[in-house]
$ cat start24.csv   # CSV, C-alpha atoms and all ligand atoms
chain,number,residue,atom,x,y,z
A,1,MET,CA,11.2,-75.4,-7.3
A,2,SER,CA,12.7,-73.4,-4.4
A,3,GLY,CA,15.0,-73.9,-1.4
A,4,MET,CA,18.7,-73.8,-0.6
A,5,ILE,CA,21.1,-76.5,-1.6
A,6,GLU,CA,21.0,-79.6,0.6
A,7,PHE,CA,24.3,-81.0,1.8
A,8,ASP,CA,23.4,-84.7,1.5
A,9,ALA,CA,25.9,-87.5,0.9
A,10,ALA,CA,26.2,-86.8,-2.8
A,11,ALA,CA,26.7,-83.1,-2.2
A,12,ALA,CA,29.2,-83.8,0.5
A,13,LYS,CA,31.3,-85.9,-1.9
A,14,ALA,CA,31.1,-83.2,-4.6
A,15,VAL,CA,32.2,-80.5,-2.1
A,16,GLU,CA,35.0,-82.7,-0.9
A,17,ALA,CA,36.4,-83.1,-4.4
A,18,MET,CA,36.1,-79.4,-5.1
A,19,TYR,CA,37.8,-78.5,-1.9
A,20,LEU,CA,40.8,-80.8,-2.7
A,21,THR,CA,41.6,-78.8,-5.8
A,22,PRO,CA,44.8,-76.6,-5.7
A,23,ASP,CA,42.5,-73.5,-5.7
A,24,VAL,CA,40.9,-74.4,-2.4
A,25,VAL,CA,44.0,-75.9,-0.9
A,26,GLY,CA,45.6,-72.5,-1.4
A,27,GLN,CA,42.7,-70.8,0.2
A,28,ARG,CA,43.0,-73.0,3.3
A,29,THR,CA,46.6,-71.8,3.6
A,30,HIS,CA,45.4,-68.2,3.9
A,31,VAL,CA,42.7,-69.3,6.5
A,32,MET,CA,45.3,-71.2,8.6
A,33,ALA,CA,47.6,-68.2,8.6
A,34,ALA,CA,44.8,-65.9,9.7
A,35,MET,CA,43.9,-68.3,12.6
A,36,GLY,CA,47.4,-68.2,14.0
A,37,LEU,CA,46.9,-71.5,15.8
A,38,ARG,CA,49.5,-72.7,18.2
A,39,PRO,CA,50.0,-76.0,20.1
A,40,GLY,CA,47.6,-76.2,23.1
A,41,MET,CA,44.9,-73.9,21.7
A,42,ALA,CA,41.2,-74.7,21.6
A,43,ALA,CA,39.6,-74.1,18.2
A,44,LEU,CA,36.1,-74.4,16.7
A,45,ASP,CA,35.2,-74.9,13.0
A,46,ILE,CA,31.6,-73.9,12.4
A,47,GLY,CA,30.2,-75.7,9.4
A,48,VAL,CA,33.1,-78.1,9.3
A,49,GLY,CA,31.9,-79.7,6.0
A,50,PRO,CA,34.3,-82.5,4.8
A,51,GLY,CA,36.7,-81.8,7.6
A,52,LEU,CA,39.7,-80.7,5.5
A,53,LEU,CA,40.3,-77.5,7.5
A,54,ALA,CA,39.6,-79.2,10.8
A,55,HIS,CA,42.2,-81.8,10.0
A,56,ASP,CA,44.8,-79.0,9.3
A,57,MET,CA,43.7,-77.3,12.5
A,58,GLY,CA,44.1,-80.5,14.5
A,59,LYS,CA,47.7,-80.8,13.3
A,60,ALA,CA,48.4,-77.2,14.3
A,61,VAL,CA,47.0,-77.4,17.9
A,62,THR,CA,48.5,-80.9,18.5
A,63,ALA,CA,47.3,-83.3,21.1
A,64,ALA,CA,48.0,-80.6,23.7
A,65,GLY,CA,45.0,-78.6,22.3
A,66,SER,CA,41.6,-79.4,20.9
A,67,VAL,CA,39.5,-78.9,17.8
A,68,THR,CA,35.7,-79.1,17.7
A,69,GLY,CA,33.9,-79.2,14.3
A,70,VAL,CA,30.1,-78.6,14.1
A,71,ASP,CA,27.8,-79.1,11.1
A,72,MET,CA,24.1,-79.3,10.6
A,73,SER,CA,24.5,-82.0,7.8
A,74,ARG,CA,24.7,-85.6,9.1
A,75,ALA,CA,26.6,-86.6,5.9
A,76,MET,CA,29.2,-83.9,6.5
A,77,VAL,CA,29.6,-84.8,10.2
A,78,ALA,CA,30.2,-88.5,9.2
A,79,MET,CA,32.8,-87.4,6.5
A,80,ALA,CA,34.6,-85.0,8.8
A,81,ALA,CA,34.7,-87.5,11.7
A,82,GLU,CA,36.2,-90.2,9.4
A,83,ARG,CA,38.8,-87.7,8.1
A,84,CYS,CA,39.9,-86.6,11.6
A,85,ALA,CA,39.7,-90.1,13.2
A,86,ASP,CA,43.5,-90.2,13.5
A,87,MET,CA,43.5,-87.3,16.0
A,88,ASP,CA,41.4,-88.0,19.2
A,89,TRP,CA,41.7,-84.3,20.2
A,90,VAL,CA,39.5,-83.5,17.2
A,91,THR,CA,35.7,-83.9,17.9
A,92,ILE,CA,33.0,-83.6,15.3
A,93,GLU,CA,29.4,-82.8,16.4
A,94,HIS,CA,26.0,-82.3,14.9
A,95,GLY,CA,24.7,-78.8,15.5
A,96,GLU,CA,23.8,-75.4,14.1
A,97,ALA,CA,25.7,-72.1,13.8
A,98,GLU,CA,22.8,-70.3,15.4
A,99,GLN,CA,22.8,-72.6,18.5
A,100,LEU,CA,26.3,-74.0,19.0
A,101,PRO,CA,26.7,-77.1,21.2
A,102,VAL,CA,29.8,-75.5,22.8
A,103,ALA,CA,30.5,-74.0,26.2
A,104,SER,CA,30.7,-70.2,26.6
A,105,GLY,CA,34.1,-68.7,26.7
A,106,SER,CA,35.9,-71.9,25.8
A,107,MET,CA,37.6,-71.2,22.4
A,108,ASP,CA,40.8,-69.4,21.5
A,109,VAL,CA,39.9,-69.3,17.8
A,110,VAL,CA,36.6,-69.8,16.0
A,111,VAL,CA,36.5,-70.2,12.2
A,112,SER,CA,33.7,-70.4,9.7
A,113,THR,CA,34.5,-70.7,6.0
A,114,GLN,CA,31.8,-70.8,3.3
A,115,VAL,CA,29.1,-71.3,5.8
A,116,TYR,CA,27.6,-68.0,7.0
A,117,GLU,CA,26.3,-67.3,3.5
A,118,TYR,CA,23.9,-70.2,4.1
A,119,VAL,CA,22.7,-68.8,7.5
A,120,THR,CA,19.4,-66.9,7.6
A,121,ASP,CA,19.9,-65.4,11.0
A,122,MET,CA,23.4,-63.9,11.0
A,123,GLY,CA,22.7,-61.9,14.2
A,124,ALA,CA,22.1,-65.1,16.1
A,125,ALA,CA,25.1,-66.8,14.4
A,126,LEU,CA,27.6,-64.1,15.3
A,127,HIS,CA,26.1,-63.8,18.8
A,128,GLU,CA,26.9,-67.5,19.2
A,129,ALA,CA,30.4,-67.2,17.8
A,130,LYS,CA,31.2,-64.4,20.2
A,131,ARG,CA,29.6,-66.3,23.1
A,132,VAL,CA,31.9,-69.3,22.7
A,133,LEU,CA,35.1,-67.2,22.3
A,134,LYS,CA,37.4,-66.5,25.3
A,135,PRO,CA,38.0,-62.8,25.9
A,136,GLY,CA,40.7,-61.8,23.3
A,137,GLY,CA,39.7,-64.8,21.2
A,138,ARG,CA,39.7,-64.5,17.4
A,139,LEU,CA,36.9,-65.2,14.9
A,140,VAL,CA,37.9,-65.9,11.3
A,141,VAL,CA,35.2,-65.7,8.6
A,142,LEU,CA,35.5,-66.4,4.9
A,143,ASP,CA,32.6,-66.1,2.3
A,144,THR,CA,32.0,-65.5,-1.4
A,145,ASP,CA,30.3,-62.6,-3.0
A,146,TRP,CA,28.7,-64.4,-6.0
A,147,ASP,CA,28.5,-61.0,-7.9
A,148,SER,CA,32.3,-61.4,-8.2
A,149,ILE,CA,32.2,-64.2,-10.8
A,150,VAL,CA,33.8,-63.4,-14.2
A,151,TRP,CA,33.1,-66.4,-16.4
A,152,HIS,CA,33.6,-66.2,-20.2
A,153,SER,CA,30.7,-67.6,-22.1
A,154,SER,CA,29.5,-67.5,-25.8
A,155,ASN,CA,26.1,-66.5,-24.5
A,156,ARG,CA,26.4,-63.8,-21.8
A,157,GLU,CA,22.6,-63.4,-21.4
A,158,ARG,CA,22.2,-67.1,-20.6
A,159,MET,CA,25.2,-66.9,-18.2
A,160,GLU,CA,23.5,-64.1,-16.3
A,161,ARG,CA,20.2,-66.0,-16.0
A,162,VAL,CA,21.9,-69.2,-14.8
A,163,LEU,CA,23.9,-67.3,-12.2
A,164,LYS,CA,20.8,-65.5,-11.0
A,165,VAL,CA,19.1,-68.8,-10.4
A,166,TRP,CA,22.3,-70.2,-8.7
A,167,ASP,CA,22.0,-67.2,-6.3
A,168,GLN,CA,19.1,-69.1,-4.7
A,169,HIS,CA,21.3,-71.9,-3.5
A,170,LEU,CA,22.1,-70.0,-0.4
A,171,ALA,CA,20.7,-67.4,2.1
A,172,ASP,CA,22.8,-64.4,1.1
A,173,PRO,CA,24.9,-64.4,-2.1
A,174,HIS,CA,26.3,-61.0,-1.2
A,175,LEU,CA,27.2,-61.5,2.5
A,176,PRO,CA,30.9,-60.3,2.5
A,177,ARG,CA,30.1,-56.7,1.7
A,178,LYS,CA,27.8,-56.7,4.8
A,179,LEU,CA,30.2,-58.6,7.2
A,180,PRO,CA,32.3,-55.7,8.5
A,181,ALA,CA,29.1,-54.0,9.8
A,182,LEU,CA,27.6,-57.3,11.1
A,183,LEU,CA,30.8,-58.1,13.0
A,184,HIS,CA,30.9,-54.6,14.5
A,185,ASP,CA,27.2,-54.8,15.5
A,186,ALA,CA,27.9,-58.1,17.2
A,187,GLY,CA,30.4,-56.4,19.4
A,188,LEU,CA,33.6,-57.7,17.7
A,189,VAL,CA,36.5,-55.7,16.5
A,190,VAL,CA,37.6,-56.3,12.9
A,191,THR,CA,41.4,-56.5,12.8
A,192,ARG,CA,42.0,-57.9,9.3
A,193,ARG,CA,40.3,-57.9,5.9
A,194,GLU,CA,41.7,-59.9,3.0
A,195,LEU,CA,40.6,-60.6,-0.6
A,196,ILE,CA,41.3,-64.2,-1.8
A,197,PRO,CA,40.7,-64.6,-5.5
A,198,LEU,CA,40.1,-68.0,-7.1
A,199,PHE,CA,41.5,-67.8,-10.7
A,200,ASN,CA,41.2,-70.4,-13.4
A,201,PRO,CA,42.5,-68.8,-16.6
A,202,ASP,CA,42.7,-72.3,-18.3
A,203,TRP,CA,40.2,-75.2,-18.5
A,204,ASN,CA,41.2,-77.9,-15.9
A,205,PRO,CA,38.8,-80.6,-14.8
A,206,HIS,CA,40.6,-80.6,-11.4
A,207,SER,CA,39.8,-77.0,-10.6
A,208,TYR,CA,37.4,-75.1,-8.4
A,209,SER,CA,35.4,-73.8,-11.4
A,210,ALA,CA,35.1,-77.2,-13.0
A,211,GLY,CA,33.6,-78.5,-9.7
A,212,ILE,CA,31.2,-75.5,-9.2
A,213,MET,CA,30.1,-75.9,-12.8
A,214,MET,CA,28.7,-79.3,-12.0
A,215,GLY,CA,27.1,-78.0,-8.8
A,216,ILE,CA,25.4,-75.1,-10.7
A,217,LEU,CA,24.3,-77.5,-13.5
A,218,ASN,CA,22.6,-79.8,-11.0
A,219,PHE,CA,21.0,-76.9,-9.0
A,220,VAL,CA,19.6,-74.8,-11.9
A,221,SER,CA,18.4,-77.6,-14.1
A,222,GLY,CA,14.6,-77.4,-14.3
A,223,ARG,CA,14.5,-74.4,-11.9
A,224,ASP,CA,12.9,-71.0,-12.6
A,225,GLY,CA,12.7,-71.3,-16.3
A,226,ILE,CA,16.1,-73.0,-16.9
A,227,SER,CA,15.4,-76.3,-18.6
A,228,GLU,CA,17.7,-79.3,-18.2
A,229,ASP,CA,18.7,-78.9,-21.9
A,230,GLU,CA,19.5,-75.2,-21.5
A,231,ALA,CA,21.6,-75.9,-18.3
A,232,ARG,CA,23.5,-78.6,-20.2
A,233,ALA,CA,24.1,-76.3,-23.1
A,234,TRP,CA,25.5,-73.7,-20.7
A,235,ALA,CA,28.0,-76.2,-19.2
A,236,ASP,CA,28.9,-77.7,-22.7
A,237,ASP,CA,29.6,-74.2,-24.0
A,238,LEU,CA,32.1,-73.5,-21.1
A,239,GLN,CA,33.9,-76.8,-21.7
A,240,ALA,CA,34.0,-76.2,-25.5
A,241,LEU,CA,35.6,-72.8,-24.9
A,242,GLY,CA,38.1,-74.5,-22.6
A,243,ARG,CA,39.0,-77.0,-25.3
A,244,GLU,CA,39.5,-74.1,-27.8
A,245,GLY,CA,41.8,-72.2,-25.4
A,246,HIS,CA,39.2,-69.6,-24.5
A,247,TYR,CA,38.4,-70.5,-20.9
A,248,PHE,CA,38.4,-67.8,-18.2
A,249,PHE,CA,37.0,-67.9,-14.7
A,250,SER,CA,37.6,-65.9,-11.5
A,251,LEU,CA,35.7,-65.3,-8.3
A,252,ASN,CA,36.4,-63.5,-5.1
A,253,ARG,CA,36.4,-64.7,-1.5
A,254,TYR,CA,36.7,-62.4,1.4
A,255,LEU,CA,38.3,-63.1,4.7
A,256,PHE,CA,37.7,-61.2,8.0
A,257,VAL,CA,39.4,-61.5,11.3
A,258,ALA,CA,37.5,-60.1,14.3
A,259,VAL,CA,38.5,-60.1,18.0
A,260,LYS,CA,36.3,-60.4,21.1
A,261,GLY,CA,37.4,-57.5,23.4
B,1,LIG,C1,30.2,-75.1,1.3
B,1,LIG,S1,30.3,-76.1,2.7
B,1,LIG,C2,31.8,-75.5,3.5
B,1,LIG,C3,32.4,-76.5,4.4
B,1,LIG,C4,33.7,-76.1,5.2
B,1,LIG,N1,33.5,-75.0,6.0
B,1,LIG,C5,34.8,-75.8,4.2
B,1,LIG,O1,35.1,-74.6,3.9
B,1,LIG,O2,35.5,-76.7,3.8
B,1,LIG,C6,29.0,-75.4,3.8
B,1,LIG,C7,28.8,-76.2,5.0
B,1,LIG,O3,28.1,-75.5,6.0
B,1,LIG,C8,27.1,-76.3,6.6
B,1,LIG,N2,26.1,-75.4,7.1
B,1,LIG,C9,25.2,-74.6,6.4
B,1,LIG,N3,24.4,-73.9,7.2
B,1,LIG,C10,24.8,-74.3,8.5
B,1,LIG,C11,24.3,-73.9,9.8
B,1,LIG,N4,23.3,-73.0,10.0
B,1,LIG,N5,24.8,-74.5,10.9
B,1,LIG,C12,25.8,-75.4,10.7
B,1,LIG,N6,26.3,-75.8,9.6
B,1,LIG,C13,25.8,-75.2,8.4
B,1,LIG,C14,26.7,-77.2,5.5
B,1,LIG,O4,26.1,-78.4,6.0
B,1,LIG,C15,28.0,-77.5,4.8
B,1,LIG,O5,28.7,-78.6,5.4

$ encode --input "start24.csv" --output "structure tokens"
Amino acid sequence: MSGMIEFDAAAAKAVEAMYLTPDVVGQRTHVMAAMGLRPGMAALDIGVGPGLLAHDMGKAVTAAGSVTGVDMSRAMVAMAAERCADMDWVTIEHGEAEQLPVASGSMDVVVSTQVYEYVTDMGAALHEAKRVLKPGGRLVVLDTDWDSIVWHSSNRERMERVLKVWDQHLADPHLPRKLPALLHDAGLVVTRRELIPLFNPDWNPHSYSAGIMMGILNFVSGRDGISEDEARAWADDLQALGREGHYFFSLNRYLFVAVKG
């Protein structure tokens, strides 16, 4: 079995639930601060997903401004459009990061969180982000380096194999370490770099790690030598450690702000 994760209706629901946990709500606060949105601004969210960030952006720019959300998944477009239906200055469109359905030089701020790591042609994606920005406009990017996971398990060897297979769910599991150079090569000036850790030192079913655990379980089951039974045993072990007070999870996300000169 091969191929990246598909953001169908079931995956859209799972992502939405995970992104409503306090861990990811906190992350959105950092992203909103980095965007510096003001009433009247035009902003674009590439890979808008469930529309949680686009909704916050809509409130920040007010009816005097505009927000456009773009996503290649029809299920995500439908979910984001429904979430943002209360603000007619927020528009959600089907499209791809590598070929944005957006006019050149039209955006004050462009944001893309947890999306570029799924993109195979980052040169094209950053060229597009720069094209749609106004001169002096700001691009905010946030992605995960999946090498940053620290997750306590009673079977470390199995944990390593499971996470290696999980690395296949996206185009580049280690994109953040390459982003400063990629942004520079695209002709953008990096003005801010920030580390945003997600930390679950206790078991909590309403946490980022509980959600991603289910995503990993579904993705790795029956893939590349990991049987369904082994994947289930991996997840059961983590939950048992949680019940016994031995849970520990952390992961790093990296945020970059780059400006078009
Ligand atoms: C993990 S979700 C993140 C959603 C949202 N940005 C957030 O942080 O809440 C990844 C999203 O990126 C979208 N996506 C992946 N590759 C894309 C591409 N090349 N162009 C547009 N959207 C893409 C997926 O459909 C999915 O909705």

$ residues_around --input "start24.csv" --residues "stretch 53-59 of chain A" --least-positions-apart "2" --cutoff "8 Å" --atoms "only C-alpha atoms" --output "PyMOL selection string"
chain A and resi 28+32+37+43+45+48+51+61-63+66-69+80+83-84+87+89-90

$ residues_near_ligand --input "start24.csv" --ligand "ligand LIG 1 (chain B)" --cutoff "8 Å" --atoms "only C-alpha atoms and all ligand atoms" --output "PyMOL selection string"
chain A and resi 6-7+12+15-16+19+45-53+70-74+76-77+95-98+112-120+125

$ atom_distance --input "start24.csv" --atom1 "atom CA of A:Ser148" --atom2 "atom CA of A:Val110"
26.0 Å

$ closest_atom_pairs --input "start24.csv" --of "stretch 15-44 of chain A" --to "stretch 190-211 of chain A" --cutoff "12 Å" --atoms "all atoms listed in the file" --output "tab-separated table"
residue	atom	partner	partner_atom	distance
A:Val15	CA	A:Gly211	CA	8.0
A:Glu16	CA	A:Gly211	CA	9.9
A:Ala17	CA	A:Gly211	CA	7.6
A:Met18	CA	A:Gly211	CA	5.3
A:Tyr19	CA	A:Tyr208	CA	7.3
A:Leu20	CA	A:His206	CA	8.7
A:Thr21	CA	A:Ser207	CA	5.4
A:Pro22	CA	A:Ser207	CA	7.0
A:Asp23	CA	A:Tyr208	CA	6.0
A:Val24	CA	A:Tyr208	CA	7.0
A:Val25	CA	A:Tyr208	CA	10.0
A:Gly26	CA	A:Leu198	CA	9.1
A:Gln27	CA	A:Ile196	CA	7.0
A:Arg28	CA	A:Ile196	CA	10.3
A:Thr29	CA	A:Ile196	CA	10.7
A:His30	CA	A:Ile196	CA	8.1
A:Val31	CA	A:Ile196	CA	9.8
A:Ala33	CA	A:Glu194	CA	11.6
A:Ala34	CA	A:Arg192	CA	8.5
A:Met35	CA	A:Arg192	CA	11.1

$ closest_residue --input "start24.csv" --among "A:Ala240, A:Leu170, A:Val259, A:Val162" --to "A:Gly222" --atoms "only C-alpha atoms"
A:Val162

$ atom_distance --input "start24.csv" --atom1 "atom CA of A:Arg177" --atom2 "atom CA of A:Val132"
24.6 Å

$ atom_distance --input "start24.csv" --atom1 "atom CA of A:Ile149" --atom2 "atom CA of A:Leu182"
23.4 Å

$ closest_residue --input "start24.csv" --among "A:Lys164, A:Lys260, A:Arg158, A:Arg131" --to "A:Ala231" --atoms "all atoms listed in the file"
A:Arg158

$ residues_around --input "start24.csv" --residues "A:Ser106" --least-positions-apart "5" --cutoff "8 Å" --atoms "all atoms listed in the file" --output "ChimeraX atom specification"
/A:42,132-134

$ closest_residue --input "start24.csv" --among "A:Ala64, A:Met79, A:Ile216, A:Ala258" --to "A:Val109" --atoms "only C-alpha atoms"
A:Ala258

$ closest_residue --input "start24.csv" --among "A:Ala186, A:Val150, A:Ala171, A:Ile226" --to "A:Ala129" --atoms "only C-alpha atoms"
A:Ala186

$ closest_residue --input "start24.csv" --among "A:Gln168, A:Ser104, A:Ser154, A:Thr91" --to "A:Val220" --atoms "all atoms listed in the file"
A:Gln168

$ residues_near_point --input "start24.csv" --point "(33.9, -63.5, -1.2)" --cutoff "9 Å" --atoms "only C-alpha atoms" --output "list in words"
Gln114, Leu142, Asp143, Thr144, Asp145, Trp146, Asp147, Ser148, His174, Leu175, Pro176, Arg177, Leu195, Ile196, Pro197, Leu251, Asn252, Arg253, Tyr254 and Leu255 of chain A
